[in-house]
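Please read the structure below before turning to the comments.
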Amino acid sequence: MKVDIWSDIRCPFCYIGKRKFEKALAQFPQKDKVEVEWHSFELDPGMKTQTGVNFYDYLASRKNITRESSVQLHRQVTETARQVGLTYDFDNAVIANSFDAHRLIQLAKLNGLGDAAEERLFKAYFTEGKDISDRLTLIILGDEIGLSGKLVQQMLDSDALADEVRYDEKQAQELGINGVPFFVINDRYGVSGAQQPEVFLQTLEKGWQEYEKENREVV
């Protein structure tokens, strides 16, 4: 059974949603028969990397709120992340465009490392304060999950896999997905946001029932 997940590395709730989904999947009796595929989604495609801009100030400006409100909002998100075992460090986070990071994920997918790429990039961005638009950083992160540094550099030096990123985003648009994370289970059931594990588990079970029924009918 297929589970498709649209996500952006810059989305704090996508990392939280990943953890909650993983907890549900671990409890799912047919977990070994579930194929998970990650898809690209940019929250702000036109965003320019701004390494010298404070994260709290950036959001305050974007959302037209005070810096104090921005700090408080991020504290709440940090606590939510902590509850699922994640450490967020917005004090050192870098405002960075995620397009090349998505191309790295697409490359990783071709080599059976899609989930590993998502995990490593999330941690790099939210925990380690790395610039996910920096090419050397992406080469190093790719190497850490088992991708050849030369292969990653060749991809970054070209337009390779840009169309794949845009195709994922076009699919999201056609499906009416305007926020992430978004999970599609068995091409039929959508789950929006970082829902509780119980919600994911119930939807996995529902999707599995349909999946078994469809396969019986084919046979």
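Going through the structure tokens in order, the chains are called A, B, and so on, while each chain numbers its residues from 1 and the ligands are numbered from 1 in the order shown.
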
Legend entry - Nearby residues (only C-alpha atoms) at most 12 Å from region 113-121 of chain A, same-chain spacing under 6 positions excluded, as a VMD selection string: chain A and resid 4 to 12 14 to 19 22 35 to 40 86 98 100 to 107 127 to 133 137 to 147

Legend entry - Near-region 62-76 of chain A list (12 Å; only C-alpha atoms; drop same-chain fewer than 6 positions) as an NGL selection string: :A and (12-13 or 44 or 47 or 54-56 or 82-83 or 87-91 or 93 or 126)

Legend entry - Residue neighbourhood Gln195 (chain A), 9 Å, only C-alpha atoms, exclusion window fewer than 3 positions, as a VMD selection string: chain A and resid 17 20 to 21 191 to 192 198 to 200

Output file for the selection above: C-alpha atoms, as a PDB file, in the first residue's frame:
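Writing done, so here's result_15.pdb:
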ATOM      1  CA  GLY A  17       4.154  15.157  11.434  1.00  0.00           C
ATOM      2  CA  LYS A  20       3.761  11.195  14.558  1.00  0.00           C
ATOM      3  CA  PHE A  21       3.205   9.244  11.348  1.00  0.00           C
ATOM      4  CA  VAL A 191      -4.675  13.573   6.137  1.00  0.00           C
ATOM      5  CA  SER A 192      -3.720  17.219   6.501  1.00  0.00           C
ATOM      6  CA  GLU A 198      -4.196   7.684  16.372  1.00  0.00           C
ATOM      7  CA  VAL A 199      -5.550   9.575  13.362  1.00  0.00           C
ATOM      8  CA  PHE A 200      -2.801   8.233  11.128  1.00  0.00           C
TER       9      PHE A 200
END

Legend entry - strand (DSSP E or B) positions in region 31-188 of chain A, given as a PyMOL selection string: chain A and resi 35-40+50+95+182-185

Inset, instruction - Could you tell me, as a PyMOL selection string, which residues of region 20-215 of chain A DSSP assigns to helix (DSSP H, G or I) when given the backbone? - result: chain A and resi 20-27+31-33+55-63+67-83+90-92+99-110+114-126+135-144+149-156+162-175+197-215

Legend entry - Nearest to Asp168 (chain A), chosen from A:Glu42, A:Met155, A:Lys206, A:Tyr211, with only C-alpha atoms counted in the distances: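 Closest residue, counting only C-alpha atoms: A:Glu42.
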